[in-house]
Amino acid sequence: MRDEPRHDGTTEAQNVRPGEQLRQARQLQKLPRQDIADRLHLDLNIIAAIEADDYQKLPSPTYVRGYLRSYARILSVPADAIIAAYDHFAPEPPALRPDASHPEQARSSDTSVKAVTYFISLALAILLLAWWQSHYVRTSPLEPVQVPAEEKIPNGEKASSMTTPEGTLSYPIEVVIHPDTISPVNSAVDNDDPQTVVASEVALSNDRDARPADGTITKSDTFHSELKPTETDEALPESQNSKGIEPTKGPDTLLMRVLQDSWIEVSDGIGTSLYYQLARRGDTIFLQGTSPFNVLLGYAPGVTVEYNGESFVTTPFTRASVAHFTLGERAADE
Amino acid sequence: MFNRLRGLFSNDLSIDLGTANTLIYVRGKGIVLNEPSVVAIRQGRDAINMKSIVAVGAEAKRMLGRTPGHIVAIRPLKDGVIADFTVTEKMLQYFIHQAHGSAFLKPSPRVLVGVPCGSTQVERRAIRESAAGAGARVVHLIPEPMAAAIGAGIPVSDARGSMVLDIGGGTTEVAVISLNGIVYSASVRIGGDRFDEAIVSYVRRNYGSLIGEATAERIKHEIGCAYPGNEVREIEVRGRNLAEGIPRRFTLNSNEVLEALQEPLSGVVGAVKAALEQTPPELSSDVAERGLILTGGSALLRDIDRLLMQETGLPVIIAEDPLTCVARGGGRVLEMIDEYGPDILALE
């Protein structure tokens with residue numbers, strides 16, 4: 001293997017051109033140029049060009065470095081010093097040096113890449129949360145926008161379905177129940193959060209004929225408020241006090257003209273359903289009751305609404321043709 | 001799609017998948033890996049864990065010839081081509097991962113692999129699939145002499161003939177290159193491994209002793225030469241005496257090693273002479289004027305340039321850092337592909 005001593009190509013060696021160094025060494029050893037050319041199997045003019053450091057007449061640097069190395073070895077001159085001198089005087093840098101200008105490719109371990117990744121992940125998470133909030137929490141059809149009253153399911157009484165000629169009607173009611181007053185009921189009760197329970201699917205009758213003409217529902221044995229005030233109650237607005245609903249004064253009127261077939265649900269301030277069916281084109285629906293009214297229009301563009309004689313625009317509450325809004329004082333309070 | 005994303009975080013690699021050593025060049029970084037192409041495999045007892053990798057690279061090479069029954073250290077490449085497909089794939093996977101360091105995403109680099117110009121389509125396909133299986137996004141294959149010429153700094157795009165002799169571990173490739181293409185190429189399955197085998201058989205024949213391949217390689221590195229010189233070097237080695245069955249110590253000198261290497265060396269010289277015979281006269285004249293460039297690990301064998309000079313009458317030049325020429329040349333080719341498109345060279 002090659003064992004020539006490595007030289008750092010110190011300044012002294014680098015100050016003299018490599019061809020000059022080799023020529024001096026050859027002359028010291030009294031070797032003719034032809035002898036060198038024969039031993040290297042090179043043309044005499046190439047040897048002359050090497051000694052004259054005339055790199056224009058020589059082939060590419062790879063070859064020149066090889067010639068210099070072989071020449072130096074014949075003369076027993078340290079080849080590395082000659083090469084170092086050549087590198088110093090070479091007209092151009094040796095080929096195939098790593099391209100320093102080449103931009104490095106991004107790596108996943110780069111700080112900037114990590115920062116951008118975390119930022120994008122965080123932004124995505126926030127967007128997802130916002131979307132979930134807006135789409136599922138606010139417009140969930142199972143959750144009414146306004147809950148008129150807190151109701152208590154009487155002890156031991158099942159939340160039973162009440163069948164009407166139109167069929168069974170059920171919708172969720174938010175019920176605030178003090179833990180002490182709870183007895184086993186069939187409704188799903190979340191024991192982890194005893195303060196607020198959504199007793200879904202509590203069936204109510206919508207038999208409007210049985211109700212008074214003003215549409216208010218009288219407190220019956222089935223639905224009465226006898227809850228003790230709790231911490232939750234205090235947190236609620238006064239209008240939702242456990243004492244019950246104070247009906248707002250005067251019957252409010254709601255007039256709906258149906259231009260296109262649409263499903264319509266209207267319930268009044270205490271949760272009584274005033275209207276719950278498919279309205280046909282051309283119908284005019286006039287309702288009286290205690291505000292606020294919870295209104296759901298299945299096809300909002302096909303229905304015009306007048307509340308207490310004033311036209312009400314449903315567009316801001318419309319999402320995918322379905323409008324869900326509250327009319328009346330409660331809405332104004334909020 | 002996901003591969004492209006991973007590709008953004010992967011460096012382009014040039015791999016010299018050699019019989020003896022595997023080198024990986026990363027663009028903009030240089031040679032990042034130079035490991036022996038050796039894999040140590042543990043044979044499992046049951047059918048589920050049939051085989052598992054124990055070590056790869058230098059660590060596995062130390063195990064060569066020193067393993068217990070259930071571990072076998074193998075070289076998955078033979079004569080420049082894949083001998084064991086699965087193990088080569090695992091080895092490449094390990095090396096690519098090593099070259100990338102710890103990465104968040106599994107690397108999916110664009111890879112350029114040097115292949116012997118004498119390899120068959122089946123052998124090339126095996127190399128391509130092995131690299132793809134190891135995680136490469138795109139695999140380019142380049143003839144090794146071309147990569148070696150570019151790595152040595154030869155102006156391959158000139159309309160002048162250049163001859164390259166790449167003596168690797170398993171094969172010796174000789175090629176005449178002009179205008180970014182190979183005009184003539186030949187490949188002989190002689191390389192560093194054959195030199196080692198020649199030393200082993202010489203010692204057995206003349207000293208009646210058995211030595212391992214690792215010892216033979218050490219002898220070659222320390223006192224091996226291709227041309228008789230003024231200085232005679234010696235080395236003391238130990239081998240198992242065939243007659244007595246016990247280890248014996250003996251001394252070898254460089255002239256004996258030279259004698260041992262005569263047969264494989266004459267094969268290399270014969271390949272060069274055959275190439276010169278086949279080269280068109282214009283290119284032959286260019287080669288005679290400028291000389292023959294020597295690359296590959298076995299170009300480091302002492303005085304091999306003098307032997308070739310003597311036998312062919314041509315100037316012979318050993319490239320700078322001949323061991324890494326193919327890998328460096330591959331890296332330059334990747335840059336050329338980016339600059340001029342993939343048609344700049346005859347790649348596969």
# chains A, B, ... in the order shown; residues from 1 in each chain; ligands from 1

$ interface_residues --of "chain B" --to "chain A" --cutoff "6 Å" --atoms "only C-alpha atoms" --output "ChimeraX atom specification"
/B:9,28,104,153,221,300-302,314-315,317

$ write_last_selection --atoms "N, CA and C atoms" --output "short mmCIF file (atom, residue, chain, number, x, y, z; two decimals), in the first residue's frame"
data_model
loop_
_atom_site.label_atom_id
_atom_site.label_comp_id
_atom_site.auth_asym_id
_atom_site.auth_seq_id
_atom_site.Cartn_x
_atom_site.Cartn_y
_atom_site.Cartn_z
N PHE B 9 -37.86 15.48 3.20
CA PHE B 9 -37.02 15.39 4.39
C PHE B 9 -35.90 14.37 4.22
N GLY B 28 -24.02 17.43 -0.76
CA GLY B 28 -23.73 18.58 0.09
C GLY B 28 -22.99 18.23 1.36
N PHE B 104 -37.19 12.09 12.09
CA PHE B 104 -38.57 12.03 12.56
C PHE B 104 -39.40 11.15 11.62
N GLY B 153 -12.80 12.92 -11.44
CA GLY B 153 -12.63 14.26 -11.98
C GLY B 153 -12.27 14.29 -13.45
N HIS B 221 -2.87 -5.75 2.68
CA HIS B 221 -2.78 -4.32 3.01
C HIS B 221 -1.38 -3.92 3.44
N LEU B 300 -5.15 0.84 -4.46
CA LEU B 300 -4.23 1.17 -3.38
C LEU B 300 -3.15 0.11 -3.21
N LEU B 301 -3.25 -0.99 -3.96
CA LEU B 301 -2.20 -2.02 -3.89
C LEU B 301 -0.91 -1.39 -4.40
N ARG B 302 0.12 -1.58 -3.61
CA ARG B 302 1.38 -0.90 -3.93
C ARG B 302 1.89 -1.25 -5.34
N LEU B 314 1.34 2.61 -21.21
CA LEU B 314 0.56 3.84 -21.08
C LEU B 314 0.91 4.54 -19.78
N PRO B 315 0.74 5.85 -19.74
CA PRO B 315 0.83 6.51 -18.43
C PRO B 315 -0.35 6.06 -17.57
N ILE B 317 -2.39 6.67 -13.96
CA ILE B 317 -2.58 7.65 -12.88
C ILE B 317 -3.55 7.07 -11.86
#

$ residues_around --residues "range 183-191 of chain B" --least-positions-apart "5" --cutoff "10 Å" --atoms "only C-alpha atoms" --output "ChimeraX atom specification"
/B:19-20,78-80,116-119,143,145-146,161-178,196,263-265,267-268,270-272,274-276,278-280,283,296-298

$ atom_distance --atom1 "CA of Asp303 in chain B" --atom2 "CA of Val316 in chain B"
10.6 Å

$ select_by_dssp --residues "range 236-278 of chain B" --states "strand (DSSP E)" --output "list in words"
Glu236, Val237, Arg238, Gly239, Arg240, Asn241, Pro247, Arg248, Arg249, Phe250, Thr251, Leu252 and Asn253 of chain B

$ closest_residue --among "A:Ala72, A:Val258, A:Val116, A:Ala79" --to "Arg281 in chain A" --atoms "only C-alpha atoms"
A:Val258

$ select_by_dssp --residues "range 70-294 of chain B" --states "helix (DSSP H, G or I)" --output "compact mmCIF listing (two decimals) with N, CA, C and O atoms, in the first residue's frame"
# COMPACT_ATOMS: atom_id res chain seq x y z
N PHE B 85 -30.55 -11.69 -1.64
CA PHE B 85 -31.39 -10.51 -1.85
C PHE B 85 -31.90 -9.91 -0.53
O PHE B 85 -31.77 -8.73 -0.28
N THR B 86 -32.47 -10.77 0.31
CA THR B 86 -33.10 -10.27 1.55
C THR B 86 -32.07 -9.60 2.45
O THR B 86 -32.33 -8.52 3.01
N VAL B 87 -30.92 -10.25 2.59
CA VAL B 87 -29.91 -9.69 3.48
C VAL B 87 -29.37 -8.38 2.92
O VAL B 87 -29.12 -7.42 3.67
N THR B 88 -29.22 -8.31 1.61
CA THR B 88 -28.76 -7.05 1.00
C THR B 88 -29.75 -5.93 1.28
O THR B 88 -29.36 -4.81 1.60
N GLU B 89 -31.02 -6.26 1.18
CA GLU B 89 -32.06 -5.26 1.43
C GLU B 89 -31.98 -4.75 2.87
O GLU B 89 -32.04 -3.55 3.13
N LYS B 90 -31.81 -5.69 3.79
CA LYS B 90 -31.72 -5.31 5.21
C LYS B 90 -30.48 -4.44 5.44
O LYS B 90 -30.52 -3.47 6.20
N MET B 91 -29.39 -4.85 4.81
CA MET B 91 -28.14 -4.11 4.98
C MET B 91 -28.29 -2.68 4.45
O MET B 91 -27.90 -1.72 5.12
N LEU B 92 -28.89 -2.57 3.27
CA LEU B 92 -29.09 -1.24 2.68
C LEU B 92 -29.99 -0.38 3.55
O LEU B 92 -29.73 0.80 3.75
N GLN B 93 -31.03 -1.03 4.06
CA GLN B 93 -31.97 -0.32 4.94
C GLN B 93 -31.22 0.27 6.14
O GLN B 93 -31.40 1.42 6.50
N TYR B 94 -30.36 -0.55 6.72
CA TYR B 94 -29.57 -0.13 7.88
C TYR B 94 -28.64 1.02 7.50
O TYR B 94 -28.57 2.03 8.21
N PHE B 95 -27.97 0.88 6.35
CA PHE B 95 -27.02 1.91 5.94
C PHE B 95 -27.72 3.23 5.61
O PHE B 95 -27.22 4.30 5.95
N ILE B 96 -28.87 3.13 4.93
CA ILE B 96 -29.59 4.36 4.57
C ILE B 96 -30.05 5.07 5.84
O ILE B 96 -29.95 6.28 5.97
N HIS B 97 -30.50 4.28 6.78
CA HIS B 97 -30.93 4.87 8.05
C HIS B 97 -29.75 5.51 8.77
O HIS B 97 -29.85 6.61 9.32
N GLN B 98 -28.58 4.82 8.73
CA GLN B 98 -27.38 5.36 9.36
C GLN B 98 -26.98 6.68 8.70
O GLN B 98 -26.59 7.62 9.37
N ALA B 99 -27.07 6.69 7.37
CA ALA B 99 -26.64 7.89 6.63
C ALA B 99 -27.52 9.08 6.96
O ALA B 99 -27.07 10.22 6.92
N HIS B 100 -28.79 8.81 7.31
CA HIS B 100 -29.70 9.90 7.61
C HIS B 100 -29.65 10.33 9.06
O HIS B 100 -30.13 11.39 9.40
N GLN B 121 -29.37 -8.19 -16.66
CA GLN B 121 -30.61 -7.48 -16.34
C GLN B 121 -31.21 -7.97 -15.03
O GLN B 121 -31.76 -7.18 -14.25
N VAL B 122 -31.10 -9.27 -14.82
CA VAL B 122 -31.65 -9.84 -13.58
C VAL B 122 -30.90 -9.30 -12.38
O VAL B 122 -31.50 -8.92 -11.37
N GLU B 123 -29.59 -9.22 -12.51
CA GLU B 123 -28.77 -8.72 -11.40
C GLU B 123 -29.07 -7.24 -11.14
O GLU B 123 -29.16 -6.80 -9.99
N ARG B 124 -29.27 -6.48 -12.21
CA ARG B 124 -29.58 -5.05 -12.04
C ARG B 124 -30.95 -4.86 -11.40
O ARG B 124 -31.14 -4.00 -10.55
N ARG B 125 -31.87 -5.69 -11.82
CA ARG B 125 -33.22 -5.59 -11.25
C ARG B 125 -33.20 -5.93 -9.76
O ARG B 125 -33.90 -5.31 -8.96
N ALA B 126 -32.37 -6.90 -9.42
CA ALA B 126 -32.25 -7.27 -8.00
C ALA B 126 -31.73 -6.09 -7.20
O ALA B 126 -32.23 -5.80 -6.10
N ILE B 127 -30.73 -5.40 -7.74
CA ILE B 127 -30.16 -4.24 -7.03
C ILE B 127 -31.21 -3.13 -6.91
O ILE B 127 -31.40 -2.52 -5.86
N ARG B 128 -31.94 -2.89 -8.00
CA ARG B 128 -32.97 -1.85 -7.99
C ARG B 128 -34.05 -2.15 -6.95
O ARG B 128 -34.44 -1.30 -6.16
N GLU B 129 -34.51 -3.41 -6.96
CA GLU B 129 -35.60 -3.76 -6.03
C GLU B 129 -35.11 -3.78 -4.59
O GLU B 129 -35.86 -3.46 -3.66
N SER B 130 -33.87 -4.14 -4.44
CA SER B 130 -33.31 -4.16 -3.09
C SER B 130 -33.25 -2.74 -2.52
O SER B 130 -33.61 -2.50 -1.37
N ALA B 131 -32.83 -1.79 -3.36
CA ALA B 131 -32.76 -0.39 -2.91
C ALA B 131 -34.16 0.16 -2.67
O ALA B 131 -34.39 0.87 -1.69
N ALA B 132 -35.10 -0.22 -3.55
CA ALA B 132 -36.49 0.26 -3.36
C ALA B 132 -37.08 -0.33 -2.08
O ALA B 132 -37.76 0.35 -1.33
N GLY B 133 -36.76 -1.61 -1.84
CA GLY B 133 -37.25 -2.26 -0.62
C GLY B 133 -36.65 -1.65 0.63
O GLY B 133 -37.25 -1.69 1.70
N GLU B 144 -20.66 1.45 -13.02
CA GLU B 144 -19.63 1.86 -12.06
C GLU B 144 -18.46 2.61 -12.70
O GLU B 144 -18.00 3.61 -12.13
N PRO B 145 -17.95 2.18 -13.87
CA PRO B 145 -16.81 2.93 -14.43
C PRO B 145 -17.17 4.38 -14.74
O PRO B 145 -16.33 5.27 -14.59
N MET B 146 -18.41 4.61 -15.14
CA MET B 146 -18.84 5.98 -15.44
C MET B 146 -18.82 6.82 -14.16
O MET B 146 -18.30 7.94 -14.14
N ALA B 147 -19.41 6.26 -13.10
CA ALA B 147 -19.42 6.98 -11.82
C ALA B 147 -17.99 7.19 -11.33
O ALA B 147 -17.64 8.27 -10.82
N ALA B 148 -17.14 6.16 -11.51
CA ALA B 148 -15.75 6.27 -11.05
C ALA B 148 -15.02 7.37 -11.82
O ALA B 148 -14.26 8.15 -11.23
N ALA B 149 -15.28 7.46 -13.13
CA ALA B 149 -14.61 8.47 -13.95
C ALA B 149 -15.03 9.86 -13.51
O ALA B 149 -14.18 10.76 -13.36
N ILE B 150 -16.32 10.03 -13.25
CA ILE B 150 -16.80 11.35 -12.83
C ILE B 150 -16.26 11.68 -11.44
O ILE B 150 -15.84 12.80 -11.17
N GLY B 151 -16.23 10.66 -10.58
CA GLY B 151 -15.70 10.86 -9.24
C GLY B 151 -14.21 11.19 -9.24
O GLY B 151 -13.73 11.93 -8.39
N ALA B 152 -13.48 10.64 -10.22
CA ALA B 152 -12.05 10.91 -10.30
C ALA B 152 -11.77 12.29 -10.89
O ALA B 152 -10.64 12.76 -10.85
N GLY B 192 -10.36 -7.47 -5.24
CA GLY B 192 -9.66 -7.63 -3.96
C GLY B 192 -9.90 -8.99 -3.33
O GLY B 192 -9.00 -9.57 -2.71
N ASP B 193 -11.12 -9.51 -3.48
CA ASP B 193 -11.42 -10.83 -2.89
C ASP B 193 -10.56 -11.92 -3.52
O ASP B 193 -10.09 -12.82 -2.83
N ARG B 194 -10.39 -11.81 -4.83
CA ARG B 194 -9.56 -12.82 -5.51
C ARG B 194 -8.10 -12.70 -5.07
O ARG B 194 -7.39 -13.71 -4.99
N PHE B 195 -7.66 -11.49 -4.79
CA PHE B 195 -6.29 -11.31 -4.28
C PHE B 195 -6.15 -12.03 -2.94
O PHE B 195 -5.15 -12.72 -2.69
N ASP B 196 -7.18 -11.87 -2.08
CA ASP B 196 -7.13 -12.52 -0.76
C ASP B 196 -7.11 -14.04 -0.92
O ASP B 196 -6.33 -14.74 -0.25
N GLU B 197 -7.99 -14.53 -1.79
CA GLU B 197 -8.03 -15.99 -2.00
C GLU B 197 -6.70 -16.50 -2.52
O GLU B 197 -6.24 -17.59 -2.13
N ALA B 198 -6.08 -15.72 -3.39
CA ALA B 198 -4.78 -16.12 -3.95
C ALA B 198 -3.73 -16.22 -2.84
O ALA B 198 -2.91 -17.15 -2.83
N ILE B 199 -3.78 -15.29 -1.90
CA ILE B 199 -2.82 -15.32 -0.78
C ILE B 199 -3.10 -16.54 0.10
O ILE B 199 -2.17 -17.25 0.51
N VAL B 200 -4.37 -16.82 0.37
CA VAL B 200 -4.73 -17.99 1.20
C VAL B 200 -4.20 -19.27 0.55
O VAL B 200 -3.57 -20.12 1.21
N SER B 201 -4.44 -19.40 -0.75
CA SER B 201 -4.01 -20.66 -1.40
C SER B 201 -2.49 -20.73 -1.51
O SER B 201 -1.91 -21.82 -1.43
N TYR B 202 -1.82 -19.58 -1.65
CA TYR B 202 -0.35 -19.59 -1.71
C TYR B 202 0.22 -20.07 -0.38
O TYR B 202 1.14 -20.90 -0.34
N VAL B 203 -0.34 -19.55 0.71
CA VAL B 203 0.16 -19.94 2.05
C VAL B 203 -0.09 -21.43 2.29
O VAL B 203 0.76 -22.15 2.83
N ARG B 204 -1.26 -21.90 1.88
CA ARG B 204 -1.56 -23.32 2.08
C ARG B 204 -0.59 -24.20 1.26
O ARG B 204 -0.10 -25.22 1.72
N ARG B 205 -0.32 -23.74 0.05
CA ARG B 205 0.54 -24.53 -0.84
C ARG B 205 1.99 -24.54 -0.38
O ARG B 205 2.66 -25.55 -0.39
N ASN B 206 2.47 -23.36 0.03
CA ASN B 206 3.90 -23.24 0.33
C ASN B 206 4.25 -23.41 1.80
O ASN B 206 5.38 -23.76 2.12
N TYR B 207 3.32 -23.10 2.68
CA TYR B 207 3.61 -23.22 4.12
C TYR B 207 2.80 -24.33 4.77
O TYR B 207 2.96 -24.57 5.96
N GLU B 213 -9.61 -15.40 5.65
CA GLU B 213 -9.66 -14.30 4.68
C GLU B 213 -9.27 -12.96 5.32
O GLU B 213 -8.67 -12.11 4.65
N ALA B 214 -9.63 -12.81 6.57
CA ALA B 214 -9.29 -11.55 7.25
C ALA B 214 -7.78 -11.40 7.36
O ALA B 214 -7.23 -10.31 7.15
N THR B 215 -7.11 -12.50 7.68
CA THR B 215 -5.64 -12.46 7.78
C THR B 215 -5.03 -12.19 6.40
O THR B 215 -4.07 -11.40 6.27
N ALA B 216 -5.58 -12.84 5.39
CA ALA B 216 -5.07 -12.63 4.04
C ALA B 216 -5.21 -11.17 3.63
O ALA B 216 -4.31 -10.60 3.01
N GLU B 217 -6.34 -10.56 4.02
CA GLU B 217 -6.56 -9.16 3.68
C GLU B 217 -5.53 -8.27 4.40
O GLU B 217 -5.02 -7.31 3.82
N ARG B 218 -5.24 -8.64 5.65
CA ARG B 218 -4.25 -7.85 6.40
C ARG B 218 -2.88 -7.95 5.74
O ARG B 218 -2.14 -6.96 5.62
N ILE B 219 -2.52 -9.16 5.28
CA ILE B 219 -1.23 -9.36 4.60
C ILE B 219 -1.18 -8.47 3.35
O ILE B 219 -0.19 -7.79 3.08
N LYS B 220 -2.29 -8.50 2.61
CA LYS B 220 -2.35 -7.71 1.36
C LYS B 220 -2.18 -6.21 1.65
O LYS B 220 -1.43 -5.52 0.97
N HIS B 221 -2.87 -5.75 2.68
CA HIS B 221 -2.78 -4.32 3.01
C HIS B 221 -1.38 -3.92 3.44
O HIS B 221 -0.90 -2.85 3.09
N GLU B 222 -0.73 -4.80 4.21
CA GLU B 222 0.54 -4.38 4.82
C GLU B 222 1.74 -4.58 3.91
O GLU B 222 2.61 -3.71 3.84
N ILE B 223 1.80 -5.73 3.23
CA ILE B 223 3.02 -5.95 2.42
C ILE B 223 2.70 -6.26 0.96
O ILE B 223 3.61 -6.54 0.18
N SER B 254 7.19 -9.57 0.94
CA SER B 254 6.41 -8.94 -0.13
C SER B 254 6.63 -9.64 -1.48
O SER B 254 5.72 -9.66 -2.31
N ASN B 255 7.80 -10.22 -1.68
CA ASN B 255 8.03 -10.93 -2.96
C ASN B 255 7.15 -12.17 -3.06
O ASN B 255 6.68 -12.53 -4.14
N GLU B 256 6.96 -12.83 -1.90
CA GLU B 256 6.09 -14.01 -1.90
C GLU B 256 4.65 -13.60 -2.21
O GLU B 256 3.94 -14.29 -2.95
N VAL B 257 4.25 -12.48 -1.63
CA VAL B 257 2.88 -12.00 -1.88
C VAL B 257 2.74 -11.63 -3.35
O VAL B 257 1.72 -11.92 -3.99
N LEU B 258 3.77 -11.00 -3.89
CA LEU B 258 3.74 -10.65 -5.31
C LEU B 258 3.58 -11.89 -6.17
O LEU B 258 2.79 -11.92 -7.13
N GLU B 259 4.29 -12.92 -5.79
CA GLU B 259 4.19 -14.19 -6.52
C GLU B 259 2.76 -14.76 -6.39
O GLU B 259 2.19 -15.25 -7.37
N ALA B 260 2.20 -14.64 -5.19
CA ALA B 260 0.85 -15.15 -4.96
C ALA B 260 -0.17 -14.41 -5.81
O ALA B 260 -1.15 -15.00 -6.27
N GLN B 262 0.20 -13.05 -8.71
CA GLN B 262 0.46 -13.02 -10.15
C GLN B 262 -0.77 -13.37 -10.98
O GLN B 262 -1.06 -12.73 -11.98
N GLU B 263 -1.46 -14.42 -10.56
CA GLU B 263 -2.57 -14.89 -11.38
C GLU B 263 -3.70 -13.85 -11.48
O GLU B 263 -4.10 -13.48 -12.60
N PRO B 264 -4.23 -13.37 -10.35
CA PRO B 264 -5.28 -12.35 -10.50
C PRO B 264 -4.80 -11.08 -11.18
O PRO B 264 -5.54 -10.45 -11.94
N LEU B 265 -3.54 -10.69 -10.92
CA LEU B 265 -3.04 -9.46 -11.55
C LEU B 265 -2.95 -9.61 -13.06
O LEU B 265 -3.25 -8.67 -13.80
N SER B 266 -2.56 -10.80 -13.51
CA SER B 266 -2.48 -10.99 -14.96
C SER B 266 -3.88 -10.93 -15.57
O SER B 266 -4.04 -10.51 -16.72
N GLY B 267 -4.88 -11.35 -14.80
CA GLY B 267 -6.26 -11.23 -15.28
C GLY B 267 -6.65 -9.77 -15.48
O GLY B 267 -7.28 -9.40 -16.48
N VAL B 268 -6.24 -8.93 -14.54
CA VAL B 268 -6.54 -7.50 -14.64
C VAL B 268 -5.82 -6.89 -15.85
O VAL B 268 -6.41 -6.16 -16.65
N VAL B 269 -4.54 -7.23 -15.99
CA VAL B 269 -3.75 -6.70 -17.11
C VAL B 269 -4.36 -7.16 -18.43
O VAL B 269 -4.47 -6.38 -19.40
N GLY B 270 -4.79 -8.40 -18.46
CA GLY B 270 -5.41 -8.96 -19.67
C GLY B 270 -6.67 -8.19 -20.05
O GLY B 270 -6.91 -7.91 -21.23
N ALA B 271 -7.46 -7.81 -19.04
CA ALA B 271 -8.69 -7.05 -19.31
C ALA B 271 -8.37 -5.70 -19.91
O ALA B 271 -9.03 -5.24 -20.85
N VAL B 272 -7.31 -5.06 -19.39
CA VAL B 272 -6.93 -3.74 -19.92
C VAL B 272 -6.44 -3.88 -21.36
O VAL B 272 -6.80 -3.08 -22.25
N LYS B 273 -5.64 -4.90 -21.60
CA LYS B 273 -5.12 -5.09 -22.96
C LYS B 273 -6.27 -5.38 -23.94
O LYS B 273 -6.27 -4.86 -25.06
N ALA B 274 -7.23 -6.18 -23.49
CA ALA B 274 -8.38 -6.49 -24.35
C ALA B 274 -9.16 -5.21 -24.66
O ALA B 274 -9.61 -5.01 -25.80
N ALA B 275 -9.29 -4.35 -23.65
CA ALA B 275 -10.01 -3.09 -23.87
C ALA B 275 -9.28 -2.22 -24.87
O ALA B 275 -9.90 -1.60 -25.74
N LEU B 276 -7.95 -2.17 -24.74
CA LEU B 276 -7.18 -1.34 -25.68
C LEU B 276 -7.30 -1.86 -27.11
O LEU B 276 -7.32 -1.08 -28.07
N GLU B 277 -7.38 -3.18 -27.23
CA GLU B 277 -7.54 -3.76 -28.57
C GLU B 277 -8.87 -3.37 -29.19
O GLU B 277 -8.98 -3.18 -30.40
N GLN B 278 -9.90 -3.26 -28.33
CA GLN B 278 -11.25 -3.00 -28.83
C GLN B 278 -11.56 -1.51 -28.99
O GLN B 278 -12.59 -1.16 -29.54
N PRO B 281 -9.54 3.73 -32.83
CA PRO B 281 -8.18 4.31 -32.85
C PRO B 281 -8.09 5.75 -32.36
O PRO B 281 -7.12 6.10 -31.69
N GLU B 282 -9.08 6.58 -32.66
CA GLU B 282 -9.02 7.97 -32.20
C GLU B 282 -8.98 8.05 -30.68
O GLU B 282 -8.20 8.78 -30.09
N LEU B 283 -9.86 7.25 -30.09
CA LEU B 283 -9.93 7.25 -28.63
C LEU B 283 -8.68 6.60 -28.04
O LEU B 283 -8.18 7.02 -27.00
N SER B 284 -8.18 5.59 -28.73
CA SER B 284 -6.98 4.91 -28.27
C SER B 284 -5.80 5.89 -28.22
O SER B 284 -4.99 5.87 -27.29
N SER B 285 -5.76 6.76 -29.22
CA SER B 285 -4.69 7.76 -29.27
C SER B 285 -4.82 8.73 -28.08
O SER B 285 -3.82 9.09 -27.45
N ASP B 286 -6.07 9.12 -27.78
CA ASP B 286 -6.29 10.01 -26.62
C ASP B 286 -5.84 9.34 -25.33
O ASP B 286 -5.21 9.98 -24.47
N VAL B 287 -6.16 8.05 -25.22
CA VAL B 287 -5.79 7.33 -24.00
C VAL B 287 -4.27 7.23 -23.89
O VAL B 287 -3.69 7.44 -22.82
N ALA B 288 -3.64 6.97 -25.01
CA ALA B 288 -2.18 6.83 -24.99
C ALA B 288 -1.51 8.15 -24.62
O ALA B 288 -0.47 8.17 -23.97
N GLU B 289 -2.14 9.23 -25.01
CA GLU B 289 -1.53 10.54 -24.72
C GLU B 289 -1.71 10.94 -23.26
O GLU B 289 -0.77 11.42 -22.62
N ARG B 290 -2.90 10.72 -22.76
CA ARG B 290 -3.20 11.24 -21.41
C ARG B 290 -3.07 10.19 -20.31
O ARG B 290 -2.79 10.51 -19.16

$ residues_around --residues "Asp283 in chain A" --least-positions-apart "3" --cutoff "7 Å" --atoms "only C-alpha atoms" --output "list in words"
Arg257, Val258, Ala279 and Arg280 of chain A

$ write_last_selection --atoms "all heavy atoms" --output "tab-separated table (two decimals), in the first residue's frame"
chain	number	residue	atom	x	y	z
A	257	ARG	N	-96.75	32.81	7.23
A	257	ARG	CA	-97.37	32.50	5.95
A	257	ARG	C	-96.45	31.51	5.23
A	257	ARG	O	-95.25	31.75	5.08
A	257	ARG	CB	-97.51	33.77	5.11
A	257	ARG	CG	-98.56	34.72	5.67
A	257	ARG	CD	-98.87	35.82	4.67
A	257	ARG	NE	-99.91	36.69	5.21
A	257	ARG	CZ	-99.65	37.70	6.03
A	257	ARG	NH1	-98.42	37.98	6.40
A	257	ARG	NH2	-100.64	38.44	6.49
A	258	VAL	N	-97.09	30.42	4.81
A	258	VAL	CA	-96.29	29.34	4.23
A	258	VAL	C	-96.33	29.45	2.71
A	258	VAL	O	-97.40	29.30	2.11
A	258	VAL	CB	-96.79	27.96	4.71
A	258	VAL	CG1	-95.88	26.88	4.19
A	258	VAL	CG2	-96.86	27.93	6.22
A	279	ALA	N	-96.42	22.13	7.52
A	279	ALA	CA	-97.35	23.14	7.02
A	279	ALA	C	-97.33	23.09	5.50
A	279	ALA	O	-96.27	23.01	4.90
A	279	ALA	CB	-96.92	24.51	7.50
A	280	ARG	N	-98.52	23.13	4.95
A	280	ARG	CA	-98.62	23.04	3.50
A	280	ARG	C	-98.56	24.43	2.87
A	280	ARG	O	-98.85	25.44	3.52
A	280	ARG	CB	-99.95	22.35	3.12
A	280	ARG	CG	-100.00	20.91	3.54
A	280	ARG	CD	-99.00	20.09	2.75
A	280	ARG	NE	-99.02	18.71	3.19
A	280	ARG	CZ	-98.14	17.79	2.80
A	280	ARG	NH1	-97.17	18.14	1.98
A	280	ARG	NH2	-98.21	16.55	3.22
